[in-house]
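Step one of this worksheet: look at the structure below.
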Amino acid sequence: MPQNEGPAPHTRRSPGKSKKRFYNLASSSIACCLQKKLYLCSGMKTLRIIGLTMALFGALTLQSCKKDPCKNVTCQNGGTCQDGNCRCSLPWEGSKCEVDARDKFVGSWKGTTNCGGGPEEDVFSITKSSTTPNRIIIEGRIYGDLNSSNAFDIPAQPVNVDGIGVTISGRGNLNGDQLTLTINYTVQGGGTFTCTGPYNKQ
């Protein structure tokens, strides 16, 4: 009579198979994570490229839409336009560099001259040089060069005063309708003095 063999013994899994299954699961998880990261990185890279493209397009669009302030500005007499305004070189001034600043000095002037011995009434005339753009001529023989639209310098220059050799220098400044003139005299053989005075155009 056959013996009861009882319940079947517990079947034990092979350690090798368990490790292999764990390894497969781990590999699958790592691959999944890598795929997700690659997808995210790819997406972020795409977004970054799109963002840079939009920024560049926006900058180009703004640049193309920006109006040139000098487009309809015409500067005369060698002036150049900057930010919609004309920059003029002496003797020119005005919104289009169309005005000769020397014209303010041209004419007859009358006032008092003080050379240290008390004021004396004086009259003189100023004209424009025909050869030097920023130069004026005082009494037909003394010249001054504009250093701004309202002022001029008188460089050192020799003149003859009643047969006496004199070197003069000085400056002039226009404030409104009044011209202030300062002239330094150095007499040949020794002696110096300065004459100053306010003058008004006649």
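Ligands are numbered from 1 in the order shown, residues from 1 within each chain, and chains are lettered A, B, ... in the order they appear in the structure tokens.
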Open item on the list: If we count only C-alpha atoms and set the cut-off at 7 Å, which residues sit around region 71-87 of chain A, ignoring sequence neighbours fewer than 6 positions away in its own chain? Please answer as a PyMOL selection string.
Closed with: chain A and resi 95-98
Residues just named, written with C-alpha atoms as a CSV table (one decimal), in the first residue's frame:
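Saved the output as again.csv:
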chain,number,residue,atom,x,y,z
A,95,SER,CA,18.8,125.3,-35.4
A,96,LYS,CA,20.2,124.4,-38.8
A,97,CYS,CA,23.6,126.1,-38.5
A,98,GLU,CA,22.4,128.8,-40.8
Using only C-alpha atoms, which residues sit within 10 Å of Leu146 (chain A) once same-chain residues fewer than 4 positions away are excluded, as a CSV table (one decimal) with C-alpha atoms, in the first residue's frame?
chain,number,residue,atom,x,y,z
A,90,LEU,CA,32.1,128.2,-35.4
A,91,PRO,CA,31.1,130.7,-36.5
A,101,ALA,CA,27.6,134.3,-35.1
A,102,ARG,CA,29.9,137.1,-36.2
A,133,PRO,CA,35.5,131.9,-41.2
A,134,ASN,CA,35.6,132.6,-37.4
A,135,ARG,CA,37.5,135.9,-37.5
A,136,ILE,CA,36.4,139.5,-36.9
A,150,ASN,CA,29.4,135.2,-27.9
A,151,ALA,CA,33.1,135.7,-27.2
A,152,PHE,CA,36.4,136.1,-29.0
A,153,ASP,CA,40.2,136.1,-28.3
A,154,ILE,CA,42.6,138.7,-29.6
A,171,ARG,CA,39.5,139.3,-25.4
A,172,GLY,CA,35.9,140.4,-26.0
A,173,ASN,CA,32.7,139.1,-24.6
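Of the listed residues A:Gly107, A:Gly118, A:Val187, A:Leu179, the one whose atoms come nearest to Gln157 (chain A) is A:Val187, with distances taken using only C-alpha atoms.
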Open item on the list: Measuring between only C-alpha atoms, which one of A:Gly170, A:Gly163, A:Gly94, A:Gly189 shows the shortest distance to Tyr143 (chain A)?
Closed with: A:Gly170
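Atom pair CA of Tyr185 (chain A) / CA of Thr113 (chain A): separated by 13.6 Å.
For the residues A:Thr127, A:Thr192, A:Asn200, A:Asn184, ranking by smallest atom-to-atom distance to Pro155 (chain A) using only C-alpha atoms places A:Asn184 first.
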